$ cat target.cif   # mmCIF, C-alpha atoms
data_upload
#
loop_
_atom_site.group_PDB
_atom_site.id
_atom_site.type_symbol
_atom_site.label_atom_id
_atom_site.label_comp_id
_atom_site.auth_asym_id
_atom_site.auth_seq_id
_atom_site.Cartn_x
_atom_site.Cartn_y
_atom_site.Cartn_z
ATOM 1 C CA MET A 120 9.371 -2.343 -10.542
ATOM 2 C CA ILE A 121 11.512 -3.027 -7.478
ATOM 3 C CA ASP A 122 9.716 -0.224 -5.595
ATOM 4 C CA SER A 123 6.409 -1.906 -6.386
ATOM 5 C CA LEU A 124 7.607 -5.310 -5.157
ATOM 6 C CA GLN A 125 9.001 -3.875 -1.926
ATOM 7 C CA LEU A 126 5.819 -1.897 -1.291
ATOM 8 C CA THR A 127 3.709 -5.002 -1.855
ATOM 9 C CA ALA A 128 5.843 -7.098 0.492
ATOM 10 C CA ARG A 129 5.978 -4.520 3.290
ATOM 11 C CA HIS A 130 2.490 -3.017 3.261
ATOM 12 C CA ARG A 131 0.053 -5.613 1.866
ATOM 13 C CA VAL A 132 -0.917 -3.481 -1.094
ATOM 14 C CA ALA A 133 -0.877 -3.959 -4.855
ATOM 15 C CA THR A 134 0.166 -1.475 -7.506
ATOM 16 C CA PRO A 135 -1.775 -0.796 -10.703
ATOM 17 C CA VAL A 136 -0.233 -1.261 -14.158
ATOM 18 C CA ASN A 137 2.118 1.640 -15.003
ATOM 19 C CA TRP A 138 2.240 2.656 -11.321
ATOM 20 C CA LYS A 139 4.825 5.276 -10.378
ATOM 21 C CA GLN A 140 6.369 6.097 -6.993
ATOM 22 C CA GLY A 141 4.009 8.333 -4.983
ATOM 23 C CA GLU A 142 0.790 7.296 -6.728
ATOM 24 C CA ASP A 143 -2.138 5.613 -4.981
ATOM 25 C CA VAL A 144 -2.087 1.858 -4.368
ATOM 26 C CA ILE A 145 -4.714 -0.850 -3.917
ATOM 27 C CA ILE A 146 -5.234 -2.708 -0.651
ATOM 28 C CA ALA A 147 -4.474 -6.389 -1.270
ATOM 29 C CA GLY A 148 -7.498 -8.654 -1.613
ATOM 30 C CA SER A 149 -6.099 -10.847 1.170
ATOM 31 C CA VAL A 150 -6.680 -8.003 3.670
ATOM 32 C CA SER A 151 -10.166 -8.110 5.204
ATOM 33 C CA ASN A 152 -12.157 -4.906 5.663
ATOM 34 C CA GLU A 153 -11.697 -5.254 9.423
ATOM 35 C CA GLU A 154 -7.896 -5.439 9.053
ATOM 36 C CA ALA A 155 -7.936 -2.605 6.532
ATOM 37 C CA LYS A 156 -9.801 -0.377 9.009
ATOM 38 C CA GLU A 157 -7.006 -0.958 11.539
ATOM 39 C CA ILE A 158 -4.220 -0.307 9.033
ATOM 40 C CA TRP A 159 -5.911 2.617 7.240
ATOM 41 C CA PRO A 160 -8.223 4.207 9.852
ATOM 42 C CA GLU A 161 -8.723 7.244 7.599
ATOM 43 C CA GLY A 162 -10.527 4.972 5.128
ATOM 44 C CA TRP A 163 -10.167 4.381 1.401
ATOM 45 C CA GLN A 164 -11.796 5.078 -1.944
ATOM 46 C CA SER A 165 -13.813 2.208 -3.331
ATOM 47 C CA PRO A 166 -14.887 2.739 -6.964
ATOM 48 C CA LYS A 167 -15.908 -0.943 -7.072
ATOM 49 C CA PRO A 168 -16.792 -3.134 -4.070
ATOM 50 C CA TYR A 169 -13.651 -5.230 -4.600
ATOM 51 C CA ILE A 170 -11.188 -2.323 -5.112
ATOM 52 C CA ARG A 171 -9.945 -0.291 -2.142
ATOM 53 C CA ILE A 172 -7.597 2.574 -3.050
ATOM 54 C CA VAL A 173 -5.325 4.330 -0.533
ATOM 55 C CA PRO A 174 -2.399 6.745 -0.767
ATOM 56 C CA GLN A 175 0.986 5.059 -1.051
ATOM 57 C CA PRO A 176 2.250 4.136 2.429
ATOM 58 C CA GLU A 177 5.394 5.875 3.570
ATOM 59 C CA ALA A 178 8.509 3.746 3.405
ATOM 60 C CA PRO A 179 10.033 3.090 6.821
ATOM 61 C CA VAL A 180 13.161 5.079 7.540
ATOM 62 C CA LEU A 181 16.099 2.752 7.887
ATOM 63 C CA ALA A 182 18.710 3.498 10.518
ATOM 64 C CA GLU A 183 22.074 4.485 9.098
ATOM 65 C CA THR A 184 25.024 2.353 10.052
ATOM 66 C CA SER A 185 28.547 3.620 10.386
ATOM 67 C CA SER A 186 31.350 1.861 8.568
#

$ encode --input "target.cif" --output "structure tokens"
Amino acid sequence: MIDSLQLTARHRVATPVNWKQGEDVIIAGSVSNEEAKEIWPEGWQSPKPYIRIVPQPEAPVLAETSS
């Protein structure tokens, strides 16, 4: 569940019920088609006009810090 929340916060996507790491996600409804085209230029699947499905975005690599 934490992965889903972090993904939603960082990438403006939503996760379906029973979503697992690596599965497709849904572009948030608050993202316009114009914005979505900039973020996902390769496009998306749209089984319904209001659902836009894309592969899970890659998590950003965090820089390691030395102790």

$ closest_residue --input "target.cif" --among "A:Leu126, A:Thr134, A:Pro174, A:Gly141" --to "Glu161 of chain A" --atoms "all atoms listed in the file"
A:Pro174

$ resolve_selection --input "target.cif" --expression "the PyMOL selection byres ((chain A and resi 121) around 12)" --output "list in words"
Met120, Asp122, Ser123, Leu124, Gln125, Leu126, Thr127, Ala128, Thr134, Trp138, Lys139 and Gln140 of chain A

$ resolve_selection --input "target.cif" --expression "the PyMOL selection byres ((chain A and resi 143) around 6)" --output "list of chain:residue names"
A:Glu142, A:Val144, A:Val173, A:Pro174, A:Gln175

$ resolve_selection --input "target.cif" --expression "the PyMOL selection byres ((chain A and resi 145) around 6)" --output "ChimeraX atom specification"
/A:132-133,144,146,171-172

$ atom_distance --input "target.cif" --atom1 "atom CA of Gln164 of chain A" --atom2 "atom CA of Ser149 of chain A"
17.2 Å
